[in-house]
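Novice: The following block contains the structure, expressed as structure tokens.
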Amino acid sequence: MDIRPKKTVRFASIPPRTPSPASSTAVARYAELPPWEPVSPPHYAPHKSPATSSPLADGPSVDALLEVLPFPGLPPLLWDVAAHPEHIRLGSAYSPDTRTLSAADVAHCAVRSSAKDSRLPLRKVVLLLPTIPLEIEITPASDPLWAAEPLPYVTVGDVAHGLYRALRVSVKPDEVERLDARRRDHIRRAFEKRVREDPANRGRNVQFGIRRVDYLEDRRAFLGIRPAHGPEVPARHKRSEVFVVELGRVS
């Protein structure tokens, strides 16, 4: 991988735009909400991935920046998904030589089709999170921050930005109330911790209440995405376009 200094993508410096149907989107509807961004990089607890780093011959392949590495490998992207993609670092969690992502990094094609389909770049990706009843549909951004013009495939930037925005969605109180008491308690504790750790935005965080990211509790360290298998694939989607987001614990 070319690690020479390149143009750095400044997600946070760009005024927020209301997403269009052609932009990186989530199935769940959401508004532009104030960010809550940790300033320190995540610390990864030991994890064991169920996936391998090599794509199956009959399955799609994931870009090296997003692929899930087998234990004890560490993900190439250091990212607490509660933080804006601006805070993503490239490099080992135990190395001082991390850097921010460049425009070339985030413009990578995120996933390609199977070998039998000539490894073509995908124009649609559906992300699943095991602990959240949510499908996040990602398509190429119509006005990407990381390229001078729209790209004809889903990029690393589309995946990161789409996942982040989907997790910012506020959850309706009645949805939380339908959960069992123990799960509700865990989610509310995660929400209270998030509010407590961001005193500068306390009022707005309280106003918007529990968000999707609170469902993750402390499993917010991005480990990558992998192709969904068998029963994981929703009936209405093609197997080749569905991917599971793997997360580890942050300390």
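Residue names in the structure tokens use chain letters A, B, ... in the order shown, residue numbers from 1 in each chain, and ligand numbers from 1 in the order shown.
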So which bits of segment 150-244 of chain A end up alpha helix (DSSP H) when you DSSP the backbone, as number ranges by chain?
Specialist: A: 156-167, 173-177, 181-196, 202-208, 212-215
Novice: Taking only C-alpha atoms into account, which of A:Ala200, A:Leu163, A:Ala190, A:Val154 comes nearest Lys124 of chain A?
Specialist: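 For Lys124 of chain A, the nearest of the given residues is A:Val154.
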Novice: For Glu149 of chain A, which residue out of A:Ala107, A:Ile225, A:Ser240, A:Gly73 is the nearest one, using only C-alpha atoms?
Specialist: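 Under the stated criterion, the closest residue is A:Ala107.
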Novice: In terms of the shortest atom-to-atom distance over only C-alpha atoms, which of A:Lys193, A:His229, A:Lys172, A:Arg182 is closest to Glu241 of chain A?
Specialist: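 Once distances to Glu241 of chain A are computed over only C-alpha atoms, the minimum belongs to A:His229.
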